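Engineer: The structure under discussion is supplied below as structure tokens; questions concerning it will follow.
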Amino acid sequence: MTKIIIIDDEEGICSSLVFALEDDYDTEAFTNPAEGLKSVIADQPAVVLLDLKIGSVNGIDVLKEIRKQAPGTEVIMITAYGTISSSVEALQNGAYSYVTKPLNMDELFANISRVMEYKALNRQVQALSDQLERKYRYEEMVGKSDAMQKLYRLIDKVKEVDTNVLITGESGTGKELVARAIHYAGKRRSGPLEVVNCAAIPETLLESELFGYEKGAFTGATQRKAGKFELAHGGTLFLDEIGDMPVQLQAKLLRVLQKREVTRLGGTEAKLFDVRVIAATNVSLEKETEEGHFREDLYFRLNVIQLQLPPLRERTADLPILLKHFIDKYNREMNKSIQGFSKEAEQRIFNHHFPGNIRELANIIESSMVITDGEIIEPEDLPAYLNRGTKRQESEEASLKPFVRLGYTLKALEKAFILETLEAENGHRKHTATKLGISERSLRDKIKQYEQG
């Protein structure tokens with residue numbers, strides 16, 4: 001039975017309402033607003049009948065808490081004739097409607113019926129919306145653009161085979177989500193998924209992370225440790241940012257992949273493994289092989305099937321469904337009821353270039369939802385850089401102007417621009433490399449050249 005909670009400091013009104021409603025609804029009344037609010041939060045009723053003045057407590061304050069703590073509950077305000085302006089304020093703060101004292105029961109029942117119709121319609125709309133979103137989802141990925149639909153079809157083809165897969169795309173496009181989709185939707189879903197970020201682990205530790213080590217293999221190896229290949233046995237090993245793996249370690253990885261066996265550092269026993277390898281990179285491995293930074297034989301070993309993730313700027317058709325996806329996600333996590341963006345704020349987002357891709361979009365929505373005080377996100381709630389109206393290309397062109405001077409060599413211009421970008425990124429080499437569109441290894445090599453020259 002549908003639950004209705006009444007919060008009114010007049011016991012006579014509470015008793016009358018319970019008597020009138022109890023045949024059709026599961027009804028409970030409270031004269032204490034704190035106890036009533038506690039029950040609303042616990043029971044999440046369909047409707048609350050809330051007095052505008054509950055003793056010394058302002059019903060508007062109770063209404064705001066209900067909207068925050070029980071977003072699925074609709075509130076009908078009970079007000080005296082002399083406080084119509086306050087009733088309008090209640091509507092502005094999320095009340096569904098209001099009725100005036102003395103109560104007209106026919107009017108009250110009509111209001112409750114309209115609430116039920118409204119909630120039923122909302123459920124239908126939400127069901128259709130969920131059905132539509134499922135159509136445009138694949139595991140944790142969301143997108144209805146042709147590029148994403150093509151990607152979903154490719155994942156369907158590769159998920160049931162053990163062929164090595166190389167996922168390419170810019171930083172923030174969701175390469176790890178693709179790897180997880182292949183694993184959890186495929187035949188190896190019951191096995192482990194082990195993830196190694198080749199760019200995040202120091203070169204000296206990456207080998208032991210992958211292959212494991214025996215006790216005493218090196219200083220600090222106080223006990224035996226299994227590597228990721230052993231841990232991923234029967235499942236999937238995801239090698240993220242494979243383009244940043246040192247060349248000497250690439251040779252060892254190739255040998256392990258060819259023999260399908262691994263030997264721990266300091267050990268002599270070769271262990272067979274059953275692992276499906278998925279690799280990802282945000283740089284062109286083909287170009288890296290041409291420059292001698294990546295082994296060609298390992299590239300062909302990993303690049304049996306390539307899945308290309310498009311940047312967000314090339315899949316703008318996905319923006320509306322992505323906005324809804326992240327708003328729903330953060331509403332659940334923050335216990336909020338944000339409805340969306342104003343037209344102006346939405347336009348700022350649609351005009352943005354998104355150099356950080358999906359990761360940047362998610363951060364924009366999360367931060368805006370934290371900052372906003374209302375249910376609609378306005379331009380002032382957005383990160384400041386979106387309100388400056390400066391696109392990435394304009395920014396990059398502006399940043400180049402100080403260096404473009406007649407008489408400069410290309411080498412000098414490159415050095416100046418790289419050092420300026422490095423300074424702008426506070427010395428963070430990975431971020432600098434991403435901004436410049438080169439690999440972190442290429443950046444390290446260029447910095448070494450500048451130090452030597």
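We label chains A, B, ... in the order they appear in the structure tokens, count residues from 1 in each chain, and number ligands from 1 in the order shown.
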At a cut-off of 6 Å, using only C-alpha atoms, what residues contact Leu49 (chain A)? Leave out same-chain residues fewer than 2 positions from it and give the result as a CSV table (one decimal) with C-alpha atoms, in the first residue's frame.
Structural biologist:
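Once written, around.csv looks like this:
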chain,number,residue,atom,x,y,z
A,6,ILE,CA,1.7,13.7,7.7
A,76,ILE,CA,2.0,18.7,-0.6
A,77,MET,CA,2.1,21.8,1.6
Engineer: Please provide the set of residues having any atom within 12 Å of region 314-325 of chain A, restricted to only C-alpha atoms, with same-chain residues fewer than 6 positions apart removed, written as an MDAnalysis selection string.
Structural biologist: chainID A and resid 126 129:130 132:137 140:149 169:170 173 331:332 338:341 345:347 349:355 357:366 368:369 377
Engineer: Give me the residues within 12 Å of Asn164 (chain A) as a ChimeraX atom specification, counting only C-alpha atoms and dropping any in the same chain fewer than 6 places off.
Structural biologist: /A:158,179,182,236-239,257,275-280,298-307
Engineer: For a quick check of understanding, using only C-alpha atoms, which of A:Glu423, A:Glu209, A:Glu286, A:Asp373 has the smallest distance to Lys336 (chain A)?
Structural biologist: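 Checking each of A:Glu423, A:Glu209, A:Glu286, A:Asp373 against Lys336 (chain A), counting only C-alpha atoms, the winner is A:Asp373.
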Engineer: Just the strand (DSSP E) stuff from region 97-334 of chain A, please, per backbone DSSP, written as a PyMOL selection string.
Structural biologist: chain A and resi 97-100+137-138+141-142+165-168+193-197+212-213+225-226+236-240+261-263+270-272+276-281+305-308
Engineer: Kindly export the residues of the current selection with N, CA and C atoms, as a short mmCIF file (atom, residue, chain, number, x, y, z; two decimals), in the first residue's frame.
Structural biologist:
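Okay, selection27.cif is ready:
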data_model
loop_
_atom_site.label_atom_id
_atom_site.label_comp_id
_atom_site.auth_asym_id
_atom_site.auth_seq_id
_atom_site.Cartn_x
_atom_site.Cartn_y
_atom_site.Cartn_z
N SER A 97 2.60 20.71 -4.71
CA SER A 97 1.46 21.61 -4.71
C SER A 97 1.16 22.02 -3.27
N TYR A 98 0.10 22.80 -3.06
CA TYR A 98 -0.29 23.15 -1.69
C TYR A 98 -1.82 23.18 -1.59
N VAL A 99 -2.31 22.94 -0.38
CA VAL A 99 -3.74 23.06 -0.07
C VAL A 99 -3.86 24.00 1.12
N THR A 100 -5.01 24.68 1.21
CA THR A 100 -5.19 25.67 2.27
C THR A 100 -6.13 25.18 3.36
N ARG A 137 24.61 1.33 -24.07
CA ARG A 137 25.64 0.99 -23.09
C ARG A 137 26.33 -0.31 -23.48
N TYR A 138 27.58 -0.43 -23.07
CA TYR A 138 28.29 -1.70 -23.15
C TYR A 138 29.15 -1.77 -21.89
N MET A 141 30.68 1.46 -20.50
CA MET A 141 30.79 2.49 -21.54
C MET A 141 29.40 2.95 -21.97
N VAL A 142 29.33 4.22 -22.37
CA VAL A 142 28.08 4.81 -22.81
C VAL A 142 28.32 5.56 -24.12
N VAL A 165 44.80 -8.05 -28.11
CA VAL A 165 44.10 -6.85 -28.56
C VAL A 165 44.92 -5.62 -28.17
N LEU A 166 45.04 -4.67 -29.09
CA LEU A 166 45.68 -3.39 -28.80
C LEU A 166 44.62 -2.30 -28.88
N ILE A 167 44.43 -1.57 -27.77
CA ILE A 167 43.45 -0.49 -27.71
C ILE A 167 44.20 0.83 -27.83
N THR A 168 43.83 1.65 -28.80
CA THR A 168 44.51 2.92 -29.02
C THR A 168 43.52 4.07 -28.83
N LEU A 193 41.25 -10.30 -13.53
CA LEU A 193 41.72 -9.24 -14.41
C LEU A 193 42.80 -8.47 -13.67
N GLU A 194 44.02 -8.53 -14.16
CA GLU A 194 45.14 -7.82 -13.56
C GLU A 194 45.52 -6.64 -14.45
N VAL A 195 45.75 -5.49 -13.82
CA VAL A 195 46.05 -4.26 -14.56
C VAL A 195 47.44 -3.76 -14.19
N VAL A 196 48.22 -3.43 -15.20
CA VAL A 196 49.55 -2.84 -14.98
C VAL A 196 49.65 -1.56 -15.80
N ASN A 197 49.90 -0.44 -15.14
CA ASN A 197 50.12 0.82 -15.84
C ASN A 197 51.62 0.98 -16.05
N GLY A 212 57.38 -11.12 -11.31
CA GLY A 212 57.55 -11.61 -9.95
C GLY A 212 59.02 -11.81 -9.60
N TYR A 213 59.28 -12.22 -8.36
CA TYR A 213 60.67 -12.43 -7.96
C TYR A 213 60.73 -13.43 -6.81
N LYS A 225 57.46 -13.25 -4.41
CA LYS A 225 56.26 -12.55 -4.87
C LYS A 225 55.92 -12.98 -6.29
N ALA A 226 54.66 -13.33 -6.49
CA ALA A 226 54.19 -13.71 -7.83
C ALA A 226 53.99 -12.45 -8.66
N THR A 236 42.77 -12.30 -17.60
CA THR A 236 43.26 -11.29 -18.54
C THR A 236 44.30 -10.41 -17.87
N LEU A 237 45.33 -10.06 -18.63
CA LEU A 237 46.34 -9.10 -18.18
C LEU A 237 46.23 -7.87 -19.07
N PHE A 238 45.94 -6.74 -18.45
CA PHE A 238 45.80 -5.48 -19.19
C PHE A 238 47.05 -4.64 -18.98
N LEU A 239 47.80 -4.40 -20.04
CA LEU A 239 49.02 -3.60 -20.00
C LEU A 239 48.71 -2.21 -20.52
N ASP A 240 48.45 -1.28 -19.61
CA ASP A 240 48.08 0.07 -19.99
C ASP A 240 49.33 0.89 -20.27
N GLU A 261 55.39 -18.77 -21.00
CA GLU A 261 55.90 -19.15 -19.69
C GLU A 261 56.72 -18.01 -19.12
N VAL A 262 56.78 -17.96 -17.78
CA VAL A 262 57.45 -16.86 -17.11
C VAL A 262 58.34 -17.39 -16.01
N THR A 263 59.50 -16.76 -15.83
CA THR A 263 60.43 -17.12 -14.76
C THR A 263 60.60 -15.91 -13.84
N ALA A 270 60.58 -22.19 -14.78
CA ALA A 270 59.66 -21.53 -15.70
C ALA A 270 58.24 -22.01 -15.44
N LYS A 271 57.33 -21.08 -15.31
CA LYS A 271 55.94 -21.42 -15.03
C LYS A 271 55.08 -21.11 -16.25
N LEU A 272 54.31 -22.11 -16.68
CA LEU A 272 53.38 -21.89 -17.79
C LEU A 272 52.21 -21.05 -17.30
N ARG A 276 45.14 -14.01 -21.33
CA ARG A 276 44.81 -13.22 -22.51
C ARG A 276 45.37 -11.82 -22.29
N VAL A 277 46.17 -11.32 -23.22
CA VAL A 277 46.82 -10.02 -23.06
C VAL A 277 46.10 -8.95 -23.87
N ILE A 278 45.75 -7.88 -23.17
CA ILE A 278 45.19 -6.69 -23.82
C ILE A 278 46.13 -5.52 -23.48
N ALA A 279 46.56 -4.80 -24.49
CA ALA A 279 47.45 -3.65 -24.27
C ALA A 279 46.76 -2.38 -24.73
N ALA A 280 47.20 -1.26 -24.20
CA ALA A 280 46.62 0.04 -24.59
C ALA A 280 47.72 1.09 -24.66
N THR A 281 47.51 2.07 -25.53
CA THR A 281 48.49 3.15 -25.66
C THR A 281 47.80 4.42 -26.14
N ILE A 305 44.57 -7.54 -33.14
CA ILE A 305 43.32 -6.82 -33.38
C ILE A 305 43.44 -5.45 -32.71
N GLN A 306 43.17 -4.40 -33.45
CA GLN A 306 43.27 -3.06 -32.89
C GLN A 306 41.89 -2.44 -32.75
N LEU A 307 41.61 -1.90 -31.58
CA LEU A 307 40.37 -1.18 -31.31
C LEU A 307 40.72 0.28 -31.10
N GLN A 308 40.19 1.14 -31.95
CA GLN A 308 40.50 2.57 -31.89
C GLN A 308 39.37 3.30 -31.17
#
Engineer: Neighbouring residues of Ile201 (chain A) were defined as those with any atom within 12 Å, considering only C-alpha atoms; residues of the same chain fewer than 2 positions away were excluded. Please report them as a PDB file with N, CA and C atoms, in the first residue's frame.
Structural biologist:
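Contents of the output file result.pdb:
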ATOM      1  N   VAL A 195      45.752  -5.491 -13.823  1.00  0.00           N
ATOM      2  CA  VAL A 195      46.050  -4.260 -14.561  1.00  0.00           C
ATOM      3  C   VAL A 195      47.437  -3.757 -14.187  1.00  0.00           C
ATOM      4  N   VAL A 196      48.223  -3.425 -15.196  1.00  0.00           N
ATOM      5  CA  VAL A 196      49.549  -2.842 -14.981  1.00  0.00           C
ATOM      6  C   VAL A 196      49.645  -1.561 -15.801  1.00  0.00           C
ATOM      7  N   ASN A 197      49.896  -0.443 -15.137  1.00  0.00           N
ATOM      8  CA  ASN A 197      50.116   0.816 -15.836  1.00  0.00           C
ATOM      9  C   ASN A 197      51.620   0.980 -16.046  1.00  0.00           C
ATOM     10  N   CYS A 198      52.062   0.741 -17.248  1.00  0.00           N
ATOM     11  CA  CYS A 198      53.493   0.737 -17.535  1.00  0.00           C
ATOM     12  C   CYS A 198      54.129   2.113 -17.381  1.00  0.00           C
ATOM     13  N   ALA A 199      53.326   3.178 -17.422  1.00  0.00           N
ATOM     14  CA  ALA A 199      53.866   4.533 -17.272  1.00  0.00           C
ATOM     15  C   ALA A 199      53.944   4.956 -15.820  1.00  0.00           C
ATOM     16  N   GLU A 203      60.769   2.272 -13.852  1.00  0.00           N
ATOM     17  CA  GLU A 203      61.397   1.287 -14.735  1.00  0.00           C
ATOM     18  C   GLU A 203      62.042   0.137 -13.962  1.00  0.00           C
ATOM     19  N   THR A 204      62.648   0.451 -12.823  1.00  0.00           N
ATOM     20  CA  THR A 204      63.355  -0.577 -12.051  1.00  0.00           C
ATOM     21  C   THR A 204      62.399  -1.575 -11.391  1.00  0.00           C
ATOM     22  N   LEU A 205      61.147  -1.184 -11.207  1.00  0.00           N
ATOM     23  CA  LEU A 205      60.178  -2.057 -10.537  1.00  0.00           C
ATOM     24  C   LEU A 205      59.234  -2.762 -11.498  1.00  0.00           C
ATOM     25  N   LEU A 206      59.135  -2.263 -12.733  1.00  0.00           N
ATOM     26  CA  LEU A 206      58.158  -2.799 -13.667  1.00  0.00           C
ATOM     27  C   LEU A 206      58.416  -4.266 -13.994  1.00  0.00           C
ATOM     28  N   GLU A 207      59.697  -4.626 -14.145  1.00  0.00           N
ATOM     29  CA  GLU A 207      60.022  -6.018 -14.476  1.00  0.00           C
ATOM     30  C   GLU A 207      59.572  -6.971 -13.370  1.00  0.00           C
ATOM     31  N   SER A 208      59.864  -6.618 -12.116  1.00  0.00           N
ATOM     32  CA  SER A 208      59.465  -7.483 -11.003  1.00  0.00           C
ATOM     33  C   SER A 208      57.949  -7.501 -10.838  1.00  0.00           C
ATOM     34  N   GLU A 209      57.278  -6.392 -11.181  1.00  0.00           N
ATOM     35  CA  GLU A 209      55.817  -6.338 -11.105  1.00  0.00           C
ATOM     36  C   GLU A 209      55.189  -7.310 -12.109  1.00  0.00           C
ATOM     37  N   LEU A 210      55.769  -7.381 -13.276  1.00  0.00           N
ATOM     38  CA  LEU A 210      55.225  -8.252 -14.317  1.00  0.00           C
ATOM     39  C   LEU A 210      55.557  -9.719 -14.091  1.00  0.00           C
ATOM     40  N   LEU A 239      47.795  -4.395 -20.042  1.00  0.00           N
ATOM     41  CA  LEU A 239      49.020  -3.604 -20.004  1.00  0.00           C
ATOM     42  C   LEU A 239      48.706  -2.206 -20.524  1.00  0.00           C
ATOM     43  N   ASP A 240      48.446  -1.283 -19.610  1.00  0.00           N
ATOM     44  CA  ASP A 240      48.081   0.073 -19.988  1.00  0.00           C
ATOM     45  C   ASP A 240      49.335   0.892 -20.267  1.00  0.00           C
ATOM     46  N   GLU A 241      49.234   1.832 -21.200  1.00  0.00           N
ATOM     47  CA  GLU A 241      50.357   2.695 -21.605  1.00  0.00           C
ATOM     48  C   GLU A 241      51.584   1.851 -21.956  1.00  0.00           C
ATOM     49  N   ILE A 242      51.376   0.846 -22.773  1.00  0.00           N
ATOM     50  CA  ILE A 242      52.451  -0.069 -23.164  1.00  0.00           C
ATOM     51  C   ILE A 242      53.566   0.663 -23.907  1.00  0.00           C
ATOM     52  N   ASP A 244      55.098   3.184 -23.086  1.00  0.00           N
ATOM     53  CA  ASP A 244      56.103   3.728 -22.171  1.00  0.00           C
ATOM     54  C   ASP A 244      56.991   2.647 -21.571  1.00  0.00           C
ATOM     55  N   MET A 245      56.834   1.403 -22.001  1.00  0.00           N
ATOM     56  CA  MET A 245      57.684   0.331 -21.470  1.00  0.00           C
ATOM     57  C   MET A 245      59.098   0.458 -22.034  1.00  0.00           C
ATOM     58  N   PRO A 246      60.128   0.380 -21.195  1.00  0.00           N
ATOM     59  CA  PRO A 246      61.519   0.470 -21.661  1.00  0.00           C
ATOM     60  C   PRO A 246      61.831  -0.601 -22.707  1.00  0.00           C
TER      61      PRO A 246
END
Engineer: Could you list, as a list in words, every residue within 10 Å of Tyr450 (chain A), counting only C-alpha atoms and ignoring same-chain residues fewer than 5 positions away?
Structural biologist: Ala412, Lys415, Leu419, Arg444 and Asp445 of chain A
Engineer: For the structure I just gave you, how does DSSP split region 167-198 of chain A - specifically, which residues are helix (DSSP H, G or I)? Reply as an mmCIF file with N, CA and C atoms, in the first residue's frame.
Structural biologist:
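For reference, result_39.cif as written:
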data_model
loop_
_atom_site.group_PDB
_atom_site.id
_atom_site.type_symbol
_atom_site.label_atom_id
_atom_site.label_comp_id
_atom_site.auth_asym_id
_atom_site.auth_seq_id
_atom_site.Cartn_x
_atom_site.Cartn_y
_atom_site.Cartn_z
ATOM 1 N N LYS A 175 40.110 3.759 -22.387
ATOM 2 C CA LYS A 175 40.722 2.520 -22.882
ATOM 3 C C LYS A 175 40.616 1.383 -21.865
ATOM 4 N N GLU A 176 40.762 1.715 -20.579
ATOM 5 C CA GLU A 176 40.637 0.666 -19.560
ATOM 6 C C GLU A 176 39.202 0.135 -19.495
ATOM 7 N N LEU A 177 38.221 0.986 -19.750
ATOM 8 C CA LEU A 177 36.829 0.529 -19.764
ATOM 9 C C LEU A 177 36.608 -0.491 -20.873
ATOM 10 N N VAL A 178 37.272 -0.291 -22.017
ATOM 11 C CA VAL A 178 37.164 -1.245 -23.119
ATOM 12 C C VAL A 178 37.776 -2.580 -22.708
ATOM 13 N N ALA A 179 38.949 -2.522 -22.078
ATOM 14 C CA ALA A 179 39.595 -3.750 -21.619
ATOM 15 C C ALA A 179 38.714 -4.496 -20.621
ATOM 16 N N ARG A 180 38.113 -3.759 -19.705
ATOM 17 C CA ARG A 180 37.233 -4.389 -18.716
ATOM 18 C C ARG A 180 35.992 -4.984 -19.376
ATOM 19 N N ALA A 181 35.479 -4.294 -20.394
ATOM 20 C CA ALA A 181 34.304 -4.805 -21.102
ATOM 21 C C ALA A 181 34.639 -6.126 -21.799
ATOM 22 N N ILE A 182 35.796 -6.191 -22.447
ATOM 23 C CA ILE A 182 36.207 -7.425 -23.124
ATOM 24 C C ILE A 182 36.331 -8.559 -22.117
ATOM 25 N N HIS A 183 36.930 -8.261 -20.966
ATOM 26 C CA HIS A 183 37.130 -9.306 -19.954
ATOM 27 C C HIS A 183 35.811 -9.760 -19.335
ATOM 28 N N TYR A 184 35.030 -8.806 -18.817
ATOM 29 C CA TYR A 184 33.843 -9.174 -18.041
ATOM 30 C C TYR A 184 32.662 -9.611 -18.906
ATOM 31 N N ALA A 185 32.682 -9.287 -20.205
ATOM 32 C CA ALA A 185 31.616 -9.761 -21.095
ATOM 33 C C ALA A 185 32.018 -11.036 -21.820
#
Engineer: Restricting the calculation to only C-alpha atoms: of A:Val256, A:Ile376, A:Val75, A:Val18, which residue gets closest to Val47 (chain A)?
Structural biologist: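 Among the listed residues, the smallest separation from Val47 (chain A) belongs to A:Val75.
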Engineer: Mind checking which residues fall within 12 Å of Asn335 (chain A), counting only C-alpha atoms, ignoring those fewer than 5 positions away in the same chain, and posting them as a ChimeraX atom specification?
Structural biologist: /A:41,65-72,327-330,369-370
Engineer: Let me see the file: selected residues, C-alpha atoms, as a PDB file, in the first residue's frame.
Structural biologist:
ATOM      1  CA  ILE A  41      14.179   9.552   5.410  1.00  0.00           C
ATOM      2  CA  GLU A  65      15.635  18.414   3.880  1.00  0.00           C
ATOM      3  CA  ILE A  66      13.011  16.094   2.387  1.00  0.00           C
ATOM      4  CA  ARG A  67      14.068  17.083  -1.147  1.00  0.00           C
ATOM      5  CA  LYS A  68      17.665  16.409  -0.197  1.00  0.00           C
ATOM      6  CA  GLN A  69      17.207  13.187   1.792  1.00  0.00           C
ATOM      7  CA  ALA A  70      14.190  11.677  -0.013  1.00  0.00           C
ATOM      8  CA  PRO A  71      14.287  12.937  -3.626  1.00  0.00           C
ATOM      9  CA  GLY A  72      11.641  10.446  -4.745  1.00  0.00           C
ATOM     10  CA  ILE A 327      24.509  13.195 -13.496  1.00  0.00           C
ATOM     11  CA  ASP A 328      22.703   9.970 -12.518  1.00  0.00           C
ATOM     12  CA  LYS A 329      25.974   8.465 -11.301  1.00  0.00           C
ATOM     13  CA  TYR A 330      26.959  11.398  -9.086  1.00  0.00           C
ATOM     14  CA  MET A 369      27.357  19.101  -8.950  1.00  0.00           C
ATOM     15  CA  VAL A 370      29.383  19.663  -5.780  1.00  0.00           C
TER      16      VAL A 370
END
Engineer: Between CA of Glu288 (chain A) and CA of Val161 (chain A), measure the distance and give it in Å to one decimal.
Structural biologist: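 Computing it gives 27.8 Å between the two atoms.
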